[in-house]
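Below is one structure; the comments refer to it alone.
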Amino acid sequence: MKKEQENNSVNFVITPRNEDFSQWYLDVIKAGDLAEGSPVRGCMVIKPYGYAIWENIQKFLDNEFKKRGTQNAYFPLLIPKSFLEKEAEHVEGFAKECAVVTHHRLEEKDGKLVPAGELEEPFVIRPTSETIIYDTFSNWIQSYRDLPLLINQWANVMRWEMRTRPFLRTTEFLWQEGHTAHSSKEEADNKALEMLEVYRDLVENHLGISLVLGRKTESEKFAGADYTTTIEAMMQDGKALQSGTSHMLGQNFSKSFDVSYLDENQERQFVWQTSWGLSTRIIGALIMSHSDDKGLVLPPKIAPIQVVVIPIFGSEEDKSLVMEKVAKVKEELESAGISLKVDDREGRPGFKYFEWERKGVPLRVEVGPKDVAKGSVVVVDRLQGEKTFVEDKDLSSFIQDSLDKMQNLLLANSKKFREENTREVSDYGEFKNVISEKGGFIFAHLCLDRDCEKKIKEDTNASTRCIPFEGGLGNKGTCIYCGKDAPNKVLFAKAY
RNA sequence: CGGGGUGUAGCAUAAUGGUAGUGUACGCGGUUUGGGACCGUGAGGCCCGGGUUCGAUUCCCGGCUCCCCGACCA
């Protein structure tokens with residue numbers, strides 16, 4: 001981000017691909033009225049405009065979940081420490097980042113409030129809810145008739161990470177976490193994939209962010225899962241962002257939490273489980289994928305406001321004519337299902353143009369005295385800045401058409417950018433060069449030895465993002481690091 | 001948690017061991033309105049604690065904050 005003094009006013013010139021990228025998106029977030037720092041370490045305040053984006057994401061996912069028989073439920077924020085200890089890998093994965101509740105009241109001592117009433121068993125503020133949900137599942141599930149059990153929870157979680165970044169890694173974040181239990185491995189395998197596909201649909205078709213789908217390597221998988229599948233996106237600086245995950249938990253948790261049932265043959269069986277989650281991090285992905293030097297760019301399908309109408313007038317006489325026309329435009333577009341805002345505040349139009357551009361509203365409709373006289377309006381496109389004079393009779397279809405085109409163009413741009421910055425490499429020297437000079441994704445063969453993966457990360461700072469379903473899994477070759485047999489081709493990148 | 005930096009008004013910044021200035025944003029009055037309007041006017045500020053000093057926003061020490069790099073990670 002660079003600042004420029006102009007007419008004694010400070011403007012933010014946003015430069016997405018420079019080295020100050022993280023600073024850049026911070027300022028976009030501020031400018032776009034999305035979030036600001038909170039007094040609590042690494043937490044964020046999400047302002048109404050930003051929260052409306054999250055609500056649109058929720059609306060879409062809720063609908064998709066319910067179509068697939070998933071029900072919403074809610075479980076406690078506080079998890080007994082002993083629950084976390086039950087699944088060995090799971091504790092190991094989360095122990096380092098837990099906020100712990102040890103007391104239940106405050107007492108005054110020497111004029112200061114100090115914690116008192118120490119708890120016999122501390123609670124952990126959920127970093128994720130597998131343990132407490134599966135403890136409950138063990139009561140809910142008795143018979144094969146209780147399966148499959150498909151539950152989703154919208155909640156906040158806390159992970160006390162060393163370093164935070166707004167939206168991408170906050171101490172507290174919002175997400176949905178789905179938890180399912182099945183009678184067969186195959187059914188659970190399919191469920192994990194099915195939910196990953198729901199995420200793909202959301203992120204590609206609604207958020208306009210092109211993805212690579214694949215499986216995490218052993219060292220990057222969820223703590224306690226048999227395997228983890230992921231959607232990986234590329235930000236404008238070439239770094240990767242894990243945007244959603246779906247885990248096949250196998251029977252690891254069902255055995256630790258005794259989630260079992262009697263099958264048709266009166267035999268005791270452990271359930272097969274999945275869990276899947278998508279967080280407010282996705283809003284960070286949205287910001288970092290599409291924003292330009294003017295601010296946010298929001299895809300029409302997820303934008304809280306799709307069209308902003310700016311009335312322009314000088315005299316009172318003009319005002320009544322213009323506002324009459326604005327009312328008609330509003331009625332017509334709203335009845336076509338478009339979410340619209342009329343910015344009828346006092347003030348000059350230019351000021352309003354800048355403000356709504358910063359906030360990423362896809363289309364702007366200007367209505368002034370000249371437009372009233374000509375029987376048309378001016379429509380301006382946020383993405384390309386194109387200005388079009390549209391006759392009144394064509395307005396609704398033109399707007400609809402423009403929104404659709406913009407939606408498609410955003411995804412196409414994102415896909416093109418990702419493909420242009422993905423490179424196949426077969427030599428480790430070249431690997432290092434590409435990572436340091438060009439960045440982006442690298443597609444290369446990797447053996448199953450975890451040491452190779454670790455050393456590459458230490459060496460280059462690039463981690464494995466996933467083994468892509470397309471062209472990765474089962475693509476045999478020789479390991480880029482050690483030269484031994486590699487069963488898969490793997491996607492590497494520096495990641496957020 | 002290790003290394004580096006930072007902290008002055010809502011935001012962005014300046015100067016200063018002795019009354020803290022500017023831009024923007026905000027309130028009020030007026031004139032304006034097709035790409036960040038103008039005039040007048042008003043309110044608003046030195047991260048916290050200790051030390052040195054007649055006097056500290058400034059110097060010193062400690063703490064905290066936020067940011068960057070690393071480790072960690074959705």
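Chain labels run A, B, ... following the order of the structure tokens; each chain numbers its residues from 1, and ligands are numbered from 1 in the order shown.
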
Report task. As a VMD selection string, please: all residues of region 333-397 of chain A that backbone DSSP puts in strand (DSSP E). Result -> chain A and resid 340 to 342 363 to 367 376 to 381 387 to 391

Query raised in the report: Within 10 Å of Cys482 (chain A), counting only C-alpha atoms (C1' of nucleotides), which residues qualify if same-chain residues fewer than 2 places away don't, as a ChimeraX atom specification?
Result: /A:428,446-447,449,451-452,478-480,484-486

Take the residues just selected and output them with C-alpha atoms as a tab-separated table (two decimals), in the first residue's frame.
chain	number	residue	atom	x	y	z
A	428	TYR	CA	14.71	-29.29	-7.37
A	446	LEU	CA	6.77	-36.18	-4.07
A	447	CYS	CA	7.49	-39.47	-2.32
A	449	ASP	CA	8.71	-39.84	3.09
A	451	ASP	CA	11.25	-35.85	5.72
A	452	CYS	CA	11.35	-34.78	2.08
A	478	THR	CA	10.24	-39.64	-9.09
A	479	CYS	CA	10.39	-37.47	-5.99
A	480	ILE	CA	11.63	-33.96	-6.73
A	484	LYS	CA	12.90	-42.12	-5.12
A	485	ASP	CA	9.57	-43.43	-6.37
A	486	ALA	CA	6.74	-40.96	-5.91

Considering only C-alpha atoms (C1' of nucleotides), give me a table of residues in chain B that are at most 10 Å from chain A, with the closest atom pair and distance in Å for each, as CSV.
residue,atom,partner,partner_atom,distance
B:C1,C1',A:Met162,CA,7.9
B:C11,C1',A:Val10,CA,9.7
B:A12,C1',A:Val10,CA,6.9
B:U22,C1',A:Asn8,CA,9.9
B:G23,C1',A:Asn8,CA,5.8
B:U24,C1',A:Ser9,CA,6.0
B:U32,C1',A:Gly314,CA,8.2
B:U33,C1',A:Arg348,CA,4.8
B:G34,C1',A:Ile312,CA,7.0
B:G35,C1',A:Gly350,CA,4.3
B:G36,C1',A:Phe351,CA,4.7
B:A37,C1',A:Arg348,CA,7.5
B:U65,C1',A:Arg41,CA,9.7
B:C66,C1',A:Gly37,CA,9.6
B:C67,C1',A:Gln23,CA,8.9
B:C68,C1',A:Asp20,CA,9.6
B:A71,C1',A:Met162,CA,8.7
B:C72,C1',A:Met162,CA,6.1
B:C73,C1',A:Glu161,CA,6.5
B:A74,C1',A:Gln242,CA,6.8

Query - Long-range neighbours of G18 (chain B) as a list in words, 12 Å cut-off, only C-alpha atoms (C1' of nucleotides), 2 positions minimum in chain - result: U16, A20, C54, G55, A56 and U58 of chain B

Prev. selection, N, CA and C atoms (P, O5', C5', C4', C3', O3' and C1' of nucleotides), output as a compact mmCIF listing (two decimals), in the first residue's frame:
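Once everything was written out, this is out-v3.txt:
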# COMPACT_ATOMS: atom_id res chain seq x y z
P U B 16 11.91 19.57 16.28
O5' U B 16 11.41 19.97 17.72
C5' U B 16 11.33 21.34 18.10
C4' U B 16 10.65 21.47 19.42
C3' U B 16 11.23 20.60 20.53
O3' U B 16 12.39 21.16 21.11
C1' U B 16 8.89 20.41 20.55
P A B 20 -0.66 23.19 24.30
O5' A B 20 0.69 22.89 23.51
C5' A B 20 1.11 23.69 22.41
C4' A B 20 1.28 22.85 21.16
C3' A B 20 0.02 22.66 20.32
O3' A B 20 -0.15 23.74 19.45
C1' A B 20 1.12 20.58 20.60
P C B 54 15.74 20.47 39.76
O5' C B 54 14.25 21.01 39.62
C5' C B 54 13.53 21.42 40.78
C4' C B 54 12.28 22.14 40.35
C3' C B 54 11.46 21.46 39.26
O3' C B 54 10.61 20.46 39.78
C1' C B 54 11.75 23.73 38.69
P G B 55 10.51 19.07 39.04
O5' G B 55 9.81 19.48 37.68
C5' G B 55 8.44 19.88 37.69
C4' G B 55 8.03 20.43 36.36
C3' G B 55 8.17 19.45 35.18
O3' G B 55 7.08 18.56 35.11
C1' G B 55 9.05 21.55 34.57
P A B 56 7.35 17.05 34.61
O5' A B 56 7.89 17.22 33.11
C5' A B 56 7.06 17.83 32.11
C4' A B 56 7.03 16.95 30.87
C3' A B 56 6.47 15.56 31.13
O3' A B 56 5.82 15.11 29.95
C1' A B 56 8.68 15.37 30.37
P U B 58 7.92 11.88 27.40
O5' U B 58 8.81 12.47 26.21
C5' U B 58 8.88 11.79 24.96
C4' U B 58 9.63 12.64 23.96
C3' U B 58 11.09 12.88 24.31
O3' U B 58 11.90 12.83 23.15
C1' U B 58 9.95 14.94 24.10

Counting only C-alpha atoms, what are the residues of region 365-411 of chain A within 10 Å of region 324-343 of chain A, and for each of them which pair of atoms is the nearest and at what distance in Å, to one decimal? Sort the table by chain and rising number, as a tab-separated table.
residue	atom	partner	partner_atom	distance
A:Val365	CA	A:Val329	CA	9.2
A:Glu366	CA	A:Val326	CA	9.2
A:Val367	CA	A:Val326	CA	6.8
A:Gly368	CA	A:Lys325	CA	9.1
A:Pro369	CA	A:Lys325	CA	9.8
A:Asp371	CA	A:Lys325	CA	9.2
A:Val372	CA	A:Lys325	CA	7.1
A:Gly375	CA	A:Lys325	CA	9.4
A:Ser376	CA	A:Lys325	CA	10.0
A:Val377	CA	A:Val329	CA	9.4
A:Asp392	CA	A:Val329	CA	8.4
A:Leu395	CA	A:Leu333	CA	8.2
A:Ser396	CA	A:Leu333	CA	6.0
A:Ser397	CA	A:Ala336	CA	9.1
A:Ile399	CA	A:Leu333	CA	8.3
A:Gln400	CA	A:Ile338	CA	8.1
A:Leu403	CA	A:Ile338	CA	9.7

Query raised in the report: What separation in Å, quoted to one decimal, exists between CA of Ala116 (chain A) and CA of His104 (chain A)?
Result: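 Taking CA of Ala116 (chain A) and CA of His104 (chain A), their separation equals 6.7 Å.
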
Query - Straight-line distance linking CA of Thr274 (chain A) with CA of Val91 (chain A), stated in Å to one decimal - result: 17.8 Å

Query raised in the report: Hey, what's within 12 Å of U57 (chain B) if we count only C-alpha atoms (C1' of nucleotides) and toss same-chain stuff fewer than 2 positions away? As a ChimeraX atom specification, please?
Result: /B:7-8,15-17,20,45-47,59

**Report entry** Spatial neighbours of Ala462 (chain A), max dist 9 Å, only C-alpha atoms (C1' of nucleotides), sep filter under 5 positions, as a PyMOL selection string
**Finding:** chain A and resi 435+456-457+492-495

Query raised in the report: If you count only C-alpha atoms (C1' of nucleotides), which residues fall within 10 Å of Thr102 (chain A), apart from same-chain ones fewer than 2 positions away, as a PyMOL selection string?
Result: chain A and resi 99-100+104-105+115-124

Store the residues of this selection in a file with C-alpha atoms, as a JSON list (two decimals), in the first residue's frame.
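The resulting selection_18.json:
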[["chain", "number", "residue", "atom", "x", "y", "z"],
["A", 99, "ALA", "CA", -7.67, -20.78, 25.43],
["A", 100, "VAL", "CA", -8.26, -22.36, 28.83],
["A", 104, "HIS", "CA", -15.49, -19.06, 37.48],
["A", 105, "ARG", "CA", -15.62, -15.70, 39.26],
["A", 115, "PRO", "CA", -9.81, -14.58, 39.30],
["A", 116, "ALA", "CA", -11.21, -16.77, 42.05],
["A", 117, "GLY", "CA", -13.11, -20.00, 42.37],
["A", 118, "GLU", "CA", -10.69, -22.29, 40.60],
["A", 119, "LEU", "CA", -12.36, -25.05, 38.63],
["A", 120, "GLU", "CA", -11.53, -28.65, 39.44],
["A", 121, "GLU", "CA", -11.33, -29.48, 35.76],
["A", 122, "PRO", "CA", -10.44, -26.65, 33.41],
["A", 123, "PHE", "CA", -12.46, -26.05, 30.26],
["A", 124, "VAL", "CA", -11.06, -25.37, 26.86]]

Query raised in the report: A:Ile79, A:Leu383, A:Ala412, A:Ile305: which is nearest Val361 (chain A), counting only C-alpha atoms?
Result: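 Counting only C-alpha atoms, the residue closest to Val361 (chain A) is A:Ile305.
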